Amino acid sequence: MRDMTRADAQDLLPDLLHGRLSDAERAEVERVIASDLDLAAELSLLERVQAAHAASPVVNMSRIVAALPTAPAQKPVIATPPVAGQIDELAARRTMARAPRFFGLVRAAAVLLVLGGGAVIATRNPPAPDAPVATGAPAESLALIAEAVQLGLGAPTDDLTVEQLRALEGDIEALDGQPSAEPDAIPHLTDGTGA
Amino acid sequence: MAVVGKPLNIAPELPSAYQTEMTDLIRAGDDAEIDRALIARWTGGDQRAASALVERHAQSLARFVASLGVLPASEEVVQDTFVKAFGSLESFRGESSLRAWLFTIARRLVLDQRRSAHRMRLHVSLEDAPSELIAADDVLDGVVADESAARLRDAVAQLTATQREVFTLRVVEGLSYREIAVVASTTEGAARVHYHNAMRSVRAYLDA
């Protein structure tokens, strides 16, 4: 490293004053000053100028800090109205999309219960011997089955044949073979014999 | 206006553990490193780092703003400076020191005020400010009642606006020529020339 010149040292006097020099730089500047009275006088003047200007207007730190924006990571995470609106809209869309399917299933179940219930009643209360016996499913019944299948499965029934619809009707009637939620009355308990 | 000449106290209201941590940080690094660490803490959500940054720079900013002749409203300028700075602190790239950046913002705010005043026919430009405003440091005499100190301030006050700005930043605030160049929108070479011319002028004033 070349020796520090007087001009270099003079340039660095304010840095020496503020302690902004490395140990090596400070030693070099001090070495130059030690042999130059004029530079020593300039350093002394700078110290006095700094001291004369050290006073500063009173600053209310608390007021300044209070006016500052919040630190980024502390900002509360709140969904902005557009985002919240989008979420609500999506939820509403989903509900609306599910609604027809849900109500379709309810309607299909209701139709099947009506048909199944009718079949049960018809079995337990057989018609009089002279009553006319239906030889086939009425057109209205088939239409109801078709509607039930369409609503319940969400599939069209236009392409089902009459035989297929009747098979479905048979399946519904077979439901009667399933255990009832309400057991049949037990004769020996209800007829008063107790036997 | 009341003035103080006390050294800065680093966030006296901060919890002692945090203060200890800050003290360790200050011992370990230089000014720029400390500022970078505090900025990182603030961007990480530590609001106390903001207090520490304000504590570190508010008074030197107020002093600088006052030296530009804005003594009566210096606190407002200082506050606006910090608000503006913290508003874009996340984008601060550290190409210059935080201190130089703050001084640059403060200087622009002062110039904007001057332009507004000019539009209202109350013009006081940085270059042509009347001596009574530039010599507003005289207000400080009430506290620093020292004849020689007053004379030293007069010596600085008689400099041209550019010389005074560069000289103040270099001697009172300890900025490097590079930082001064950023603050005063000039070059390092020009800042150096202004400083040495100012130094000669101050010495000549005091020797007269």
# chains A, B, ... in the order shown; residues from 1 in each chain; ligands from 1
call {"tool": "closest_atom_pairs", "arguments": {"of": "chain B", "to": "chain A", "cutoff": "6 Å", "atoms": "only C-alpha atoms", "output": "CSV"}}
result
residue,atom,partner,partner_atom,distance
B:Val3,CA,A:Pro57,CA,4.6
B:Val4,CA,A:Ala55,CA,5.3
B:Gly5,CA,A:Ala55,CA,4.0
B:Trp42,CA,A:Ala71,CA,5.6
B:Thr43,CA,A:Pro72,CA,5.6
B:Gly44,CA,A:Ala73,CA,5.7
B:Gly45,CA,A:Ala73,CA,4.2
B:Gln47,CA,A:Ala71,CA,5.5
B:Ser51,CA,A:Val65,CA,5.9
B:Arg63,CA,A:Ser56,CA,4.8
B:Glu75,CA,A:Val59,CA,5.8
B:Gln79,CA,A:Ile64,CA,5.3
B:Val83,CA,A:Leu68,CA,5.3
B:Ala149,CA,A:Ala52,CA,4.9
B:Leu152,CA,A:Val49,CA,6.0
B:Val171,CA,A:Pro14,CA,5.5
B:Val172,CA,A:Gln50,CA,4.9
B:Gly174,CA,A:His18,CA,5.8
call {"tool": "closest_residue", "arguments": {"among": "B:Ala50, B:Gln163, B:Phe103, B:Asp112", "to": "Gly87 in chain B", "atoms": "only C-alpha atoms"}}
result
B:Ala50
call {"tool": "atom_distance", "arguments": {"atom1": "CA of Trp101 in chain B", "atom2": "CA of Gln158 in chain B"}}
result
26.8 Å
